[in-house]
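Some notes on the structure that comes next.
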Amino acid sequence: MPRREHDLTIRDLTGSRALVTGASDGVGLRIATRLAGAGAEVLMPVRNPAKGAAAATRIRERHPGARLTLLDLDLASLASVAALGETLTAEGTPIHLLVNNAGLMTPPERRTTADGFEVQLGTNHLGHFALTARLLPLLRAGRARVVSQTSVAARRGRMLWDDMDAERSYDAMRSYRQSKLACGLFGFELSRRSQAGGWGVTSAVSHPGVAPTSLLAARPEVNRAADTREVRLIRWLSARGLVVGTVETAALPALMAAASPEARDGGFYGPGWPGHMGGPPGEAMPWAPLRSTADAARLWTVSEELTGVAFA
């Protein structure tokens with residue numbers, strides 16, 4: 001029996017400009033496809049140009065009139081983030097939606113970014129933090145909505161203040177939990193700081209639940225030679241409509257946060273089934289680690305110091 005797919009209505013985005021990280025694959029590709037179908041011009045910053053071009057072709061096959069722009073971005077390099085920020089700022093066109101979606105999950109061995117950060121913290125959080133700061137003038141001009149993608153892993157996450165880069169002790173899942181907790185803390189703190197500073201930018205946090213994406217699949221670039229046991233189980237459950245979602249439904253919470261008429265500033269969105277791993281999208285109470293305003297404020301300060309980028 002085929003599983004029942006969930007969906008939602010997103011508003012007309014004609015005239016809007018949206019930037020989606022990680023739009024060349026998985027959940028990010030679905031988000032970009034839906035935003036393009038709603039009329040938005042979609043910026044697709046990618047690390048792999050060939051993969052980005054293939055993704056753009058897939059979007060245009062579904063929406064022939066889609067307005068798409070491929071850009072270069074490696075979130076694991078602050079120089080690359082700065083270059084993209086300079087390019088878009090020089091262009092001067094306001095951005096109305098920013099979906100910080102791209103992510104890296106559990107490389108078996110500790111790896112670092114071009115700037116020496118543990119790669120999950122550096123890519124998932126610090127790269128997005130710096131990108132958002134670099135784009136702030138364009139986001140303010142567009143009175144933008146920013147969506148930060150966290151993970152169910154953040155429910156058990158904590159900030160490892162004394163060893164954020166896992167130099168003394170590396171555990172792949174512990175570092176992943178920290179990185180995704182950081183994404184969520186940043187999203188909520190951005191909402192608070194924008195309100196306090198009158199920036200005119202709204203911010204929400206979403207999570208995709210659990211779905212058979214490529215995060216846990218074979219990834220030669222992170223020294224994962226084969227699919228993990230976890231992703232094989234997730235595929236089996238997803239195909240049968242049990243517990244977890246699909247790649248399509250996993251995109252819905254971020255789309256709700258970004259473009260649903262029901263979405264609100266400072267909201268938290270995810271799948272609605274028990275366990276929050278699958279089901280229809282909806283607003284939820286943030287998990288306890290995400291509710292720490294002290295951790296969020298401290299992370300903001302630390303992130304500015306580490307990246308060398310401040311929110312003006």
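Chain lettering (A, B, ...) mirrors the order of the structure tokens, residue numbering begins at 1 for each chain separately, and ligand numbering begins at 1 in order of display.
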Can you write out as a tab-separated table which residues of segment 22-113 of chain A fall within 12 Å of segment 284-308 of chain A, alongside each residue's closest atom pair and its distance in Å to one decimal, counting only C-alpha atoms and ordering rows by chain and ascending residue number?
residue	atom	partner	partner_atom	distance
A:Leu75	CA	A:Thr307	CA	11.8
A:Ala76	CA	A:Thr307	CA	11.4
A:Ser77	CA	A:Thr307	CA	10.2
A:Leu78	CA	A:Thr307	CA	7.2
A:Ala79	CA	A:Thr307	CA	10.2
A:Val81	CA	A:Thr307	CA	10.4
A:Ala82	CA	A:Thr307	CA	10.4
Worksheet item: Pick the closest to Arg17 of chain A from A:Leu135, A:Leu29, A:Ala144, A:Leu126: which is it, counting only C-alpha atoms?
Response: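 Among A:Leu135, A:Leu29, A:Ala144, A:Leu126, it is A:Ala144 that comes nearest to Arg17 of chain A.
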Worksheet entry | Top pick for closest residue to Pro208 of chain A, considering A:Gly22, A:Glu61, A:Pro107, A:Thr150 and counting only C-alpha atoms |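 Smallest separation from Pro208 of chain A among the options: A:Thr150.
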Practice prompt. Write down as a ChimeraX atom specification the residues belonging to segment 32-116 of chain A that are assigned strand (DSSP E) by DSSP computed on the backbone.
Written response: /A:41-46,67-72,97-100
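Counting only C-alpha atoms and comparing A:Thr202, A:Thr69, A:Gln195, A:Ser151, the residue that lies closest to Tyr269 of chain A is A:Ser151.
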Discussion item. Would you pick out the contacts of Ala258 of chain A at 10 Å or less, using only C-alpha atoms, so that residues sharing its chain but fewer than 5 positions from it are not included, and give the list as a ChimeraX atom specification?
Written reply: /A:10-11,18,31,35,96-99,144-148,202-206,252-253,263-265
Worksheet item: Could you pull out the helix (DSSP H, G or I) residues of segment 251-310 of chain A from DSSP and send them as a ChimeraX atom specification?
Response: /A:252-259,288-291,293-307
Worksheet item: Which residue gives the smallest distance to Val231 of chain A among A:Val210, A:Gly198, A:Leu19, A:Asn124, with only C-alpha atoms counted?
Response: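 The shortest atom-to-atom distance to Val231 of chain A comes from A:Val210.
Compared by their closest atoms to Thr9 of chain A, and using only C-alpha atoms, the residues A:Arg140, A:Arg58, A:Ala312, A:Ala259 rank with A:Ala259 nearest.
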